[in-house]
$ cat target.txt   # compact mmCIF, C-alpha atoms (C1' of nucleotides)
# COMPACT_ATOMS: atom_id res chain seq x y z
CA MET Z 1034 -23.65 -5.30 40.30
CA LYS Z 1035 -24.36 -8.88 39.47
CA GLU Z 1036 -22.15 -10.71 37.05
CA LEU Z 1037 -23.33 -12.78 34.14
CA LYS Z 1038 -22.59 -16.48 33.97
CA GLN Z 1039 -21.78 -17.47 30.41
CA ARG Z 1040 -22.24 -21.14 29.64
CA SER Z 1041 -20.08 -20.96 26.52
CA THR Z 1042 -18.60 -18.47 24.06
CA CYS Z 1043 -21.35 -19.08 21.50
CA PRO Z 1044 -23.22 -15.86 20.67
CA ILE Z 1045 -26.64 -17.54 20.75
CA SER Z 1046 -25.87 -19.14 24.09
CA THR Z 1047 -24.60 -15.83 25.48
CA SER Z 1048 -27.61 -13.91 24.22
CA LEU Z 1049 -29.79 -16.48 25.95
CA ASP Z 1050 -27.76 -16.14 29.14
CA VAL Z 1051 -28.84 -12.48 29.13
CA LEU Z 1052 -32.32 -12.55 27.56
CA GLY Z 1053 -33.42 -16.18 27.65
CA ASP Z 1054 -35.98 -16.33 30.39
CA LYS Z 1055 -39.71 -15.85 30.40
CA TRP Z 1056 -39.78 -12.24 31.65
CA THR Z 1057 -36.83 -10.16 30.45
CA LEU Z 1058 -37.99 -9.75 26.86
CA LEU Z 1059 -41.51 -8.91 28.04
CA ILE Z 1060 -40.12 -5.89 29.89
CA LEU Z 1061 -38.37 -4.80 26.71
CA ARG Z 1062 -41.56 -5.42 24.73
CA ASP Z 1063 -43.44 -3.10 27.09
CA MET Z 1064 -40.81 -0.41 26.60
CA VAL Z 1065 -40.65 -0.68 22.81
CA PHE Z 1066 -44.24 -1.39 21.82
CA ALA Z 1067 -46.21 0.05 24.75
CA GLY Z 1068 -44.01 3.01 25.66
CA LYS Z 1069 -43.79 1.93 29.29
CA SER Z 1070 -40.99 3.24 31.47
CA THR Z 1071 -41.80 2.78 35.17
CA TYR Z 1072 -41.91 -0.08 37.64
CA GLY Z 1073 -45.62 0.40 38.21
CA GLN Z 1074 -46.36 0.30 34.48
CA PHE Z 1075 -44.40 -2.93 34.00
CA LEU Z 1076 -46.40 -4.57 36.80
CA GLN Z 1077 -49.66 -3.86 34.99
CA SER Z 1078 -49.01 -6.11 32.00
CA ALA Z 1079 -51.40 -8.91 31.11
CA GLU Z 1080 -48.86 -11.53 32.19
CA LYS Z 1081 -48.82 -10.38 35.85
CA MET Z 1082 -45.16 -10.63 36.71
CA ALA Z 1083 -44.29 -10.87 40.42
CA THR Z 1084 -42.78 -7.75 41.97
CA ASN Z 1085 -39.58 -9.42 43.16
CA ILE Z 1086 -38.97 -10.92 39.71
CA LEU Z 1087 -39.49 -7.53 38.09
CA ALA Z 1088 -37.04 -5.87 40.47
CA ASP Z 1089 -34.51 -8.62 39.82
CA ARG Z 1090 -34.83 -8.40 36.03
CA LEU Z 1091 -34.65 -4.62 35.96
CA ALA Z 1092 -31.46 -4.76 38.04
CA GLY Z 1093 -30.03 -7.38 35.69
CA LEU Z 1094 -30.89 -5.39 32.57
CA GLU Z 1095 -29.33 -2.30 34.09
CA ALA Z 1096 -26.21 -4.27 35.08
CA GLN Z 1097 -25.94 -5.52 31.48
CA GLY Z 1098 -26.20 -1.97 30.13
CA ILE Z 1099 -29.42 -2.71 28.28
CA LEU Z 1100 -31.40 -0.07 30.07
CA SER Z 1101 -30.65 2.91 32.27
CA LYS Z 1102 -32.48 4.16 35.33
CA ALA Z 1103 -33.08 7.80 36.19
CA VAL Z 1104 -35.22 9.82 38.56
CA ALA Z 1105 -38.36 10.98 36.79
CA ALA Z 1106 -38.72 14.61 35.73
CA ASP Z 1107 -41.98 15.11 37.61
CA LYS Z 1108 -41.57 13.11 40.83
CA LYS Z 1109 -38.49 12.33 42.86
CA SER Z 1110 -40.09 9.11 44.12
CA LYS Z 1111 -40.43 7.85 40.58
CA PHE Z 1112 -37.84 6.27 38.32
CA THR Z 1113 -37.88 5.98 34.57
CA TYR Z 1114 -36.17 3.15 32.73
CA ARG Z 1115 -34.99 3.71 29.18
CA LEU Z 1116 -33.26 1.62 26.53
CA THR Z 1117 -29.59 2.13 25.77
CA GLU Z 1118 -28.27 1.51 22.26
CA LYS Z 1119 -27.53 -2.06 23.34
CA GLY Z 1120 -31.20 -2.31 24.27
CA VAL Z 1121 -32.39 -0.68 21.05
CA ASP Z 1122 -30.50 -3.39 19.17
CA ILE Z 1123 -32.82 -5.99 20.71
CA VAL Z 1124 -35.79 -4.68 18.70
CA PRO Z 1125 -35.09 -7.04 15.74
CA ILE Z 1126 -35.25 -10.02 18.10
CA LEU Z 1127 -38.61 -8.83 19.44
CA VAL Z 1128 -39.91 -8.37 15.91
CA GLU Z 1129 -38.94 -11.91 14.90
CA LEU Z 1130 -40.64 -13.25 18.03
CA ILE Z 1131 -43.81 -11.35 17.11
CA LEU Z 1132 -43.79 -12.68 13.56
CA TRP Z 1133 -43.19 -16.28 14.61
CA GLY Z 1134 -45.80 -16.20 17.37
CA ALA Z 1135 -48.37 -14.50 15.17
CA LYS Z 1136 -47.84 -17.05 12.39
CA HIS Z 1137 -47.64 -20.26 14.38
CA CYS Z 1138 -49.44 -19.79 17.70
CA PRO Z 1139 -52.94 -18.76 18.75
CA THR Z 1140 -52.38 -15.10 19.60
CA ILE Z 1141 -54.07 -11.74 19.23
CA ILE Z 1142 -52.16 -8.95 17.53
CA ASP Z 1143 -53.07 -5.50 16.25
CA PRO Z 1144 -53.63 -6.13 12.51
CA SER Z 1145 -52.00 -2.86 11.50
CA LEU Z 1146 -48.83 -3.72 13.42
CA LEU Z 1147 -48.73 -7.16 11.84
CA ALA Z 1148 -49.22 -5.69 8.37
CA GLU Z 1149 -46.50 -3.12 9.03
CA LEU Z 1150 -44.07 -5.85 10.07
CA GLN Z 1151 -44.95 -8.16 7.20
CA THR Z 1152 -44.82 -5.62 4.40
CA GLY Z 1153 -41.77 -3.63 5.50
CA LYS Z 1154 -39.93 -5.36 8.29
CA GLY Z 1155 -36.73 -3.33 8.02
CA ALA Z 1156 -38.56 -0.01 8.01
CA ALA Z 1157 -40.76 -1.05 10.93
CA ILE Z 1158 -37.72 -2.09 12.98
CA GLU Z 1159 -36.08 1.26 12.31
CA LYS Z 1160 -39.28 3.07 13.29
CA TYR Z 1161 -39.58 1.36 16.67
CA GLN Z 1162 -35.86 1.79 17.30
CA ARG Z 1163 -36.24 5.50 16.57
CA LEU Z 1164 -39.24 5.76 18.89
CA ALA Z 1165 -37.29 4.06 21.66
CA ARG Z 1166 -34.39 6.49 21.20
CA GLU Z 1167 -36.76 9.47 21.28
CA GLN Z 1168 -38.28 8.26 24.53
CA ALA Z 1169 -34.78 7.99 25.89
CA LEU Z 1170 -34.33 11.71 25.26
CA ALA Z 1171 -37.71 12.85 26.61
CA MET U 998 -48.60 -34.83 24.97
CA LYS U 999 -48.04 -31.92 27.23
CA GLU U 1000 -50.05 -28.79 26.80
CA LEU U 1001 -48.65 -25.29 26.64
CA LYS U 1002 -49.58 -22.71 29.26
CA GLN U 1003 -50.04 -19.32 27.62
CA ARG U 1004 -49.69 -16.38 29.95
CA SER U 1005 -51.47 -14.03 27.57
CA THR U 1006 -52.54 -13.72 23.93
CA CYS U 1007 -49.56 -11.52 23.04
CA PRO U 1008 -47.41 -13.08 20.28
CA ILE U 1009 -44.13 -12.21 22.00
CA SER U 1010 -45.36 -13.67 25.27
CA THR U 1011 -46.60 -16.80 23.52
CA SER U 1012 -43.36 -17.25 21.58
CA LEU U 1013 -41.53 -17.01 24.88
CA ASP U 1014 -43.90 -19.54 26.46
CA VAL U 1015 -42.64 -21.97 23.80
CA LEU U 1016 -39.02 -20.91 23.23
CA GLY U 1017 -38.13 -18.69 26.17
CA ASP U 1018 -35.91 -20.80 28.35
CA LYS U 1019 -32.18 -21.34 28.41
CA TRP U 1020 -32.07 -24.60 26.47
CA THR U 1021 -34.75 -24.90 23.80
CA LEU U 1022 -33.15 -22.50 21.31
CA LEU U 1023 -29.75 -24.13 21.83
CA ILE U 1024 -31.20 -27.43 20.58
CA LEU U 1025 -32.51 -25.63 17.52
CA ARG U 1026 -29.15 -23.90 17.06
CA ASP U 1027 -27.44 -27.30 17.04
CA MET U 1028 -29.86 -28.53 14.41
CA VAL U 1029 -29.58 -25.48 12.15
CA PHE U 1030 -25.94 -24.47 12.45
CA ALA U 1031 -24.26 -27.73 13.47
CA GLY U 1032 -26.40 -30.23 11.57
CA LYS U 1033 -27.10 -32.28 14.69
CA SER U 1034 -30.07 -34.62 14.79
CA THR U 1035 -29.72 -37.17 17.59
CA TYR U 1036 -30.05 -37.20 21.38
CA GLY U 1037 -26.42 -38.14 21.80
CA GLN U 1038 -25.24 -35.30 19.55
CA PHE U 1039 -27.27 -32.73 21.47
CA LEU U 1040 -25.69 -33.87 24.73
CA GLN U 1041 -22.22 -33.15 23.38
CA SER U 1042 -22.63 -29.37 23.09
CA ALA U 1043 -20.30 -27.00 24.91
CA GLU U 1044 -23.08 -25.98 27.30
CA LYS U 1045 -23.47 -29.51 28.76
CA MET U 1046 -27.21 -29.81 29.08
CA ALA U 1047 -28.52 -32.40 31.57
CA THR U 1048 -30.06 -35.52 30.04
CA ASN U 1049 -33.44 -35.12 31.71
CA ILE U 1050 -33.71 -31.51 30.57
CA LEU U 1051 -32.84 -32.52 27.03
CA ALA U 1052 -35.48 -35.27 27.02
CA ASP U 1053 -38.05 -32.85 28.41
CA ARG U 1054 -37.28 -30.13 25.84
CA LEU U 1055 -37.26 -32.54 22.92
CA ALA U 1056 -40.67 -33.84 24.01
CA GLY U 1057 -41.95 -30.27 24.30
CA LEU U 1058 -40.64 -29.27 20.88
CA GLU U 1059 -42.21 -32.34 19.35
CA ALA U 1060 -45.51 -31.64 21.13
CA GLN U 1061 -45.44 -28.10 19.72
CA GLY U 1062 -44.83 -29.40 16.21
CA ILE U 1063 -41.46 -27.68 15.94
CA LEU U 1064 -39.58 -30.87 15.31
CA SER U 1065 -40.41 -34.43 14.38
CA LYS U 1066 -38.93 -37.65 15.63
CA ALA U 1067 -38.25 -40.70 13.48
CA VAL U 1068 -36.35 -43.96 13.74
CA ALA U 1069 -32.95 -43.59 12.09
CA ALA U 1070 -32.30 -45.19 8.74
CA ASP U 1071 -29.31 -47.20 9.98
CA LYS U 1072 -30.27 -48.27 13.50
CA LYS U 1073 -33.63 -49.05 15.04
CA SER U 1074 -32.36 -47.98 18.46
CA LYS U 1075 -31.55 -44.53 17.16
CA PHE U 1076 -33.87 -41.60 16.56
CA THR U 1077 -33.38 -38.58 14.35
CA TYR U 1078 -34.99 -35.25 15.13
CA ARG U 1079 -35.71 -32.85 12.29
CA LEU U 1080 -37.23 -29.40 11.96
CA THR U 1081 -40.76 -28.95 10.67
CA GLU U 1082 -41.69 -25.81 8.72
CA LYS U 1083 -42.73 -24.28 12.04
CA GLY U 1084 -39.22 -25.02 13.23
CA VAL U 1085 -37.57 -23.70 10.08
CA ASP U 1086 -39.38 -20.41 10.70
CA ILE U 1087 -37.38 -20.01 13.93
CA VAL U 1088 -34.13 -19.50 11.98
CA PRO U 1089 -34.60 -15.69 11.78
CA ILE U 1090 -34.89 -15.54 15.58
CA LEU U 1091 -31.64 -17.50 15.92
CA VAL U 1092 -29.91 -15.19 13.46
CA GLU U 1093 -30.95 -12.07 15.37
CA LEU U 1094 -29.70 -13.67 18.59
CA ILE U 1095 -26.34 -14.37 16.93
CA LEU U 1096 -26.02 -10.80 15.64
CA TRP U 1097 -26.93 -9.23 18.98
CA GLY U 1098 -24.67 -11.52 20.98
CA ALA U 1099 -21.76 -11.09 18.57
CA LYS U 1100 -22.11 -7.30 18.67
CA HIS U 1101 -22.70 -6.71 22.36
CA CYS U 1102 -21.28 -9.62 24.34
CA PRO U 1103 -17.88 -11.29 24.62
CA THR U 1104 -18.34 -14.27 22.32
CA ILE U 1105 -16.45 -16.26 19.73
CA ILE U 1106 -17.99 -16.69 16.31
CA ASP U 1107 -16.76 -18.02 12.98
CA PRO U 1108 -15.80 -14.81 11.12
CA SER U 1109 -17.13 -16.08 7.80
CA LEU U 1110 -20.54 -16.81 9.34
CA LEU U 1111 -20.65 -13.38 10.92
CA ALA U 1112 -19.67 -11.71 7.65
CA GLU U 1113 -22.30 -13.75 5.81
CA LEU U 1114 -24.99 -12.62 8.25
CA GLN U 1115 -23.91 -9.00 8.26
CA THR U 1116 -23.60 -8.52 4.52
CA GLY U 1117 -26.63 -10.49 3.38
CA LYS U 1118 -28.88 -11.40 6.27
CA GLY U 1119 -31.91 -12.33 4.19
CA ALA U 1120 -29.93 -14.59 1.89
CA ALA U 1121 -28.14 -16.24 4.81
CA ILE U 1122 -31.43 -16.95 6.56
CA GLU U 1123 -32.81 -18.54 3.42
CA LYS U 1124 -29.65 -20.62 3.04
CA TYR U 1125 -29.84 -22.11 6.52
CA GLN U 1126 -33.56 -22.66 6.19
CA ARG U 1127 -32.92 -24.53 2.96
CA LEU U 1128 -30.19 -26.63 4.58
CA ALA U 1129 -32.54 -27.52 7.43
CA ARG U 1130 -35.23 -28.59 4.96
CA GLU U 1131 -32.74 -30.70 3.03
CA GLN U 1132 -31.68 -32.47 6.20
CA ALA U 1133 -35.33 -33.12 6.89
CA LEU U 1134 -35.52 -35.05 3.62
CA ALA U 1135 -32.32 -37.02 4.03
C1' DT M 1028 -49.46 19.48 60.58
C1' DA M 1029 -51.06 14.92 60.49
C1' DT M 1030 -52.65 11.32 57.66
C1' DA M 1031 -53.25 8.78 53.58
C1' DT M 1032 -51.56 7.54 49.05
C1' DT M 1033 -48.30 6.68 45.50
C1' DT M 1034 -44.20 4.49 43.96
C1' DA M 1035 -40.67 1.30 44.34
C1' DC M 1036 -39.07 -2.05 46.15
C1' DT M 1037 -37.73 -6.14 50.07
C1' DT M 1038 -38.57 -10.19 52.85
C1' DG M 1039 -40.09 -14.74 54.15
C1' DC M 1040 -42.08 -18.76 52.70
C1' DT M 1041 -43.91 -22.30 49.45
C1' DT M 1042 -43.91 -24.36 45.02
C1' DT M 1043 -41.77 -25.38 40.78
C1' DT M 1044 -37.90 -26.06 37.90
C1' DT M 1045 -33.25 -27.27 37.21
C1' DG M 1046 -29.16 -29.91 37.73
C1' DC M 1047 -26.65 -33.99 38.88
C1' DA M 1048 -25.72 -38.92 39.32
C1' DA M 1049 -27.19 -43.24 38.89
C1' DG M 1050 -30.15 -46.63 36.90
C1' DT M 1051 -33.11 -48.84 33.13
C1' DA M 1052 -34.41 -50.66 28.55
C1' DC M 1053 -33.70 -52.28 24.13
C1' DA M 1054 -31.23 -53.07 19.77
C1' DA M 1055 -26.83 -54.34 17.66
C1' DA M 1056 -22.17 -56.11 17.69
C1' DG M 1057 -18.72 -59.34 19.07
C1' DC G 1227 -24.84 -64.45 25.46
C1' DT G 1228 -22.30 -60.84 27.08
C1' DT G 1229 -20.79 -56.19 26.08
C1' DT G 1230 -21.55 -51.74 23.83
C1' DG G 1231 -24.24 -47.93 22.04
C1' DT G 1232 -28.30 -45.11 22.19
C1' DA G 1233 -32.00 -43.10 24.50
C1' DC G 1234 -33.98 -42.20 27.98
C1' DT G 1235 -36.02 -42.39 33.47
C1' DT G 1236 -35.71 -41.80 38.35
C1' DG G 1237 -34.56 -39.85 42.81
C1' DC G 1238 -32.78 -36.32 45.29
C1' DA G 1239 -30.57 -31.78 46.28
C1' DA G 1240 -30.07 -26.99 44.79
C1' DA G 1241 -31.75 -23.00 42.53
C1' DA G 1242 -35.33 -20.16 40.74
C1' DA G 1243 -40.02 -18.62 40.51
C1' DG G 1244 -44.25 -17.26 42.56
C1' DC G 1245 -47.13 -15.39 46.32
C1' DA G 1246 -48.42 -12.37 50.07
C1' DA G 1247 -47.19 -9.22 53.23
C1' DG G 1248 -44.17 -5.63 54.83
C1' DT G 1249 -41.04 -1.44 54.39
C1' DA G 1250 -39.58 3.20 53.07
C1' DA G 1251 -39.45 7.66 51.05
C1' DA G 1252 -41.83 11.25 48.47
C1' DT G 1253 -46.39 13.43 47.52
C1' DA G 1254 -50.96 14.53 47.99
C1' DT G 1255 -54.91 15.35 51.04
C1' DA G 1256 -57.58 16.77 55.18

$ encode --input "target.txt" --output "structure tokens"
Amino acid sequence: MKELKQRSTCPISTSLDVLGDKWTLLILRDMVFAGKSTYGQFLQSAEKMATNILADRLAGLEAQGILSKAVAADKKSKFTYRLTEKGVDIVPILVELILWGAKHCPTIIDPSLLAELQTGKGAAIEKYQRLAREQALA
Amino acid sequence: MKELKQRSTCPISTSLDVLGDKWTLLILRDMVFAGKSTYGQFLQSAEKMATNILADRLAGLEAQGILSKAVAADKKSKFTYRLTEKGVDIVPILVELILWGAKHCPTIIDPSLLAELQTGKGAAIEKYQRLAREQALA
DNA sequence: TATATTTACTTGCTTTTTGCAAGTACAAAG
DNA sequence: CTTTGTACTTGCAAAAAGCAAGTAAATATA
């Protein structure tokens, strides 16, 4: 169990102590928007994260209670990672990052997802939170 | 002018390429919620950022068009940094980070700010965006 | 049953980034 | 014309990230 170093008591600062690096939120993105749940699936993302970094971040997210690890139903050599409620609450942050990036940076995004987020942000957030919870049950 | 390395075309990934480190969003927090605008003021935050990191991040934010630098009205040896519209659009991300941190981590937050964000998030976001724009005019 | 594959990491090493302390430059004040 | 304030820059050590190869246990295959 690795402890978290908090630089201050500010909530933004503390959130960044947990989530503020270049990889952590990409793992959560893959879980929420791509339905990924295993180590091997996370490694296959377009951004090509190194295996040791992935292992480190997954351990950190588990230590923070943002995701939970369990042996897969089908194979004993396989683990599935799922969001906890603390993790589900990160969805709004991901959505705001999508909207800002899509508006201000050269990116490629599924037009239907963008439209969904722009026309009914609250409903879309609830939808992806619900999907994440359902995966956590499956 | 330093160029941005994008790891992929994903909007979340790209947003993180710009904002996803432990210091950048703290500078923006200080501008939005503490009304700070100068190098010296940014150095005085509770998190004690190193001077070279601050200079590097300010240059990066300016290069990305998130903030603009101008000679101060009173002193020629002083610069003021202000948010552009691209920067003002980051306020919702900051607000979600505050809400998540305040809910799930041990932090200290002004109760009236928290209540404001919880009861009327949209209105609060617009208020702080407006304040940031007004500072940009002053 | 023996071998190969899948899945999930770990290890060692190099490169990059961060963090710290001291130094520089220039305008303004005394 | 020297001191102070403001904004950096530089050099070096420490930490983190990135890369390639190796390990280990469970499954599938021959």

$ atom_distance --input "target.txt" --atom1 "atom CA of U:Glu1000" --atom2 "atom CA of U:Trp1020"
18.5 Å

$ closest_residue --input "target.txt" --among "U:Tyr1036, U:Ile1050, U:Tyr1125, U:Glu1113" --to "U:Val1068" --atoms "all atoms listed in the file"
U:Tyr1036

$ residues_near_point --input "target.txt" --point "(-43.7, -26.3, 36.1)" --cutoff "10 Å" --atoms "all atoms listed in the file" --output "JSON, numbers by chain"
{"U": [1002], "M": [1042, 1043, 1044], "G": [1243]}

$ closest_residue --input "target.txt" --among "G:DA1251, G:DA1256, G:DA1239, G:DA1246" --to "M:DA1048" --atoms "only C-alpha atoms (C1' of nucleotides)"
G:DA1239

$ closest_residue --input "target.txt" --among "U:Gly1117, U:Gly1062, U:Gly1037, U:Pro1089" --to "chain Z" --atoms "all atoms listed in the file"
U:Pro1089

$ interface_residues --input "target.txt" --of "chain U" --to "chain M" --cutoff "10 Å" --atoms "only C-alpha atoms (C1' of nucleotides)" --output "list in words"
Met1046, Ala1047, Thr1048, Asn1049, Ile1050, Lys1072, Lys1073, Ser1074 and Lys1075 of chain U

$ closest_residue --input "target.txt" --among "U:Ala1043, U:Leu1016, U:Leu1051, U:Ile1122" --to "G:DC1234" --atoms "all atoms listed in the file"
U:Leu1051

$ interface_residues --input "target.txt" --of "chain G" --to "chain U" --cutoff "12 Å" --atoms "only C-alpha atoms (C1' of nucleotides)" --output "list in words"
DG1231, DT1232, DA1233, DC1234, DT1235 and DT1236 of chain G

$ closest_atom_pairs --input "target.txt" --of "chain Z" --to "chain U" --cutoff "9 Å" --atoms "only C-alpha atoms" --output "CSV"
residue,atom,partner,partner_atom,distance
Z:Arg1040,CA,U:Glu1044,CA,5.4
Z:Ser1041,CA,U:Glu1044,CA,5.9
Z:Thr1042,CA,U:Thr1104,CA,4.6
Z:Cys1043,CA,U:Thr1104,CA,5.7
Z:Pro1044,CA,U:Gly1098,CA,4.6
Z:Ile1045,CA,U:Ile1095,CA,5.0
Z:Ser1046,CA,U:Leu1023,CA,6.7
Z:Thr1047,CA,U:Gly1098,CA,6.2
Z:Ser1048,CA,U:Gly1098,CA,5.0
Z:Leu1049,CA,U:Lys1019,CA,5.9
Z:Asp1050,CA,U:Lys1019,CA,6.9
Z:Leu1052,CA,U:Gly1017,CA,8.6
Z:Gly1053,CA,U:Asp1018,CA,5.3
Z:Asp1054,CA,U:Asp1018,CA,4.9
Z:Lys1055,CA,U:Gly1017,CA,5.3
Z:Trp1056,CA,U:Leu1013,CA,8.5
Z:Leu1058,CA,U:Ile1009,CA,8.2
Z:Leu1059,CA,U:Ser1010,CA,6.7
Z:Arg1062,CA,U:Ile1009,CA,7.8
Z:Ala1079,CA,U:Ser1005,CA,6.2
Z:Glu1080,CA,U:Arg1004,CA,5.4
Z:Lys1081,CA,U:Arg1004,CA,8.5
Z:Lys1119,CA,U:His1101,CA,6.8
Z:Asp1122,CA,U:Trp1097,CA,6.8
Z:Ile1123,CA,U:Trp1097,CA,6.9
Z:Pro1125,CA,U:Glu1093,CA,6.5
Z:Ile1126,CA,U:Glu1093,CA,5.5
Z:Leu1127,CA,U:Ile1009,CA,7.0
Z:Val1128,CA,U:Ile1009,CA,8.3
Z:Glu1129,CA,U:Ile1090,CA,5.5
Z:Leu1130,CA,U:Ile1009,CA,5.4
Z:Ile1131,CA,U:Ile1009,CA,5.0
Z:Leu1132,CA,U:Pro1008,CA,7.6
Z:Trp1133,CA,U:Asp1086,CA,6.8
Z:Gly1134,CA,U:Pro1008,CA,4.6
Z:Ala1135,CA,U:Pro1008,CA,5.4
Z:Lys1136,CA,U:Pro1008,CA,8.8
Z:His1137,CA,U:Lys1083,CA,6.8
Z:Cys1138,CA,U:Thr1011,CA,7.1
Z:Pro1139,CA,U:Thr1006,CA,7.2
Z:Thr1140,CA,U:Thr1006,CA,4.5
Z:Ile1141,CA,U:Thr1006,CA,5.3
Z:Ile1142,CA,U:Cys1007,CA,6.6

$ closest_residue --input "target.txt" --among "Z:Ala1103, Z:Val1121, Z:Ala1156, Z:Leu1147" --to "Z:Ser1070" --atoms "all atoms listed in the file"
Z:Ala1103

$ atom_distance --input "target.txt" --atom1 "atom CA of U:Gly1057" --atom2 "atom CA of Z:Ile1060"
25.1 Å

$ atom_distance --input "target.txt" --atom1 "atom CA of Z:Tyr1114" --atom2 "atom CA of Z:Ser1101"
5.5 Å

$ axis_aligned_box --input "target.txt" --around "stretch 1052-1059 of chain U" --padding-each-side "8 Å" --output "JSON"
{"center_x": -38.8, "center_y": -32.3, "center_z": 23.9, "size_x": 22.7, "size_y": 22.0, "size_z": 25.1}

$ decode --input "target.txt" --residues "chain G" --atoms "C-alpha atoms (C1' of nucleotides)" --output "CSV table (one decimal), in the first residue's frame"
chain,number,residue,atom,x,y,z
G,1227,DC,C1',24.7,55.3,-7.3
G,1228,DT,C1',23.6,51.8,-4.3
G,1229,DT,C1',19.9,49.0,-2.6
G,1230,DT,C1',15.4,46.7,-3.4
G,1231,DG,C1',11.9,44.4,-6.0
G,1232,DT,C1',10.5,41.6,-9.8
G,1233,DA,C1',11.4,38.1,-13.0
G,1234,DC,C1',13.7,35.0,-14.4
G,1235,DT,C1',18.3,31.6,-15.7
G,1236,DT,C1',21.7,28.2,-14.6
G,1237,DG,C1',24.0,24.1,-12.7
G,1238,DC,C1',23.6,20.1,-10.4
G,1239,DA,C1',21.5,16.3,-7.8
G,1240,DA,C1',17.3,13.5,-7.2
G,1241,DA,C1',13.2,11.4,-8.9
G,1242,DA,C1',10.3,9.8,-12.5
G,1243,DA,C1',9.5,8.1,-17.0
G,1244,DG,C1',10.6,5.2,-20.8
G,1245,DC,C1',12.6,1.0,-23.0
G,1246,DA,C1',13.8,-3.8,-23.5
G,1247,DA,C1',14.3,-8.0,-21.7
G,1248,DG,C1',13.1,-11.4,-18.2
G,1249,DT,C1',9.9,-13.9,-14.9
G,1250,DA,C1',6.0,-16.6,-13.4
G,1251,DA,C1',1.6,-18.9,-13.2
G,1252,DA,C1',-2.4,-20.5,-15.7
G,1253,DT,C1',-4.2,-22.3,-20.2
G,1254,DA,C1',-4.2,-24.0,-24.5
G,1255,DT,C1',-2.0,-27.1,-28.0
G,1256,DA,C1',0.6,-31.1,-29.9
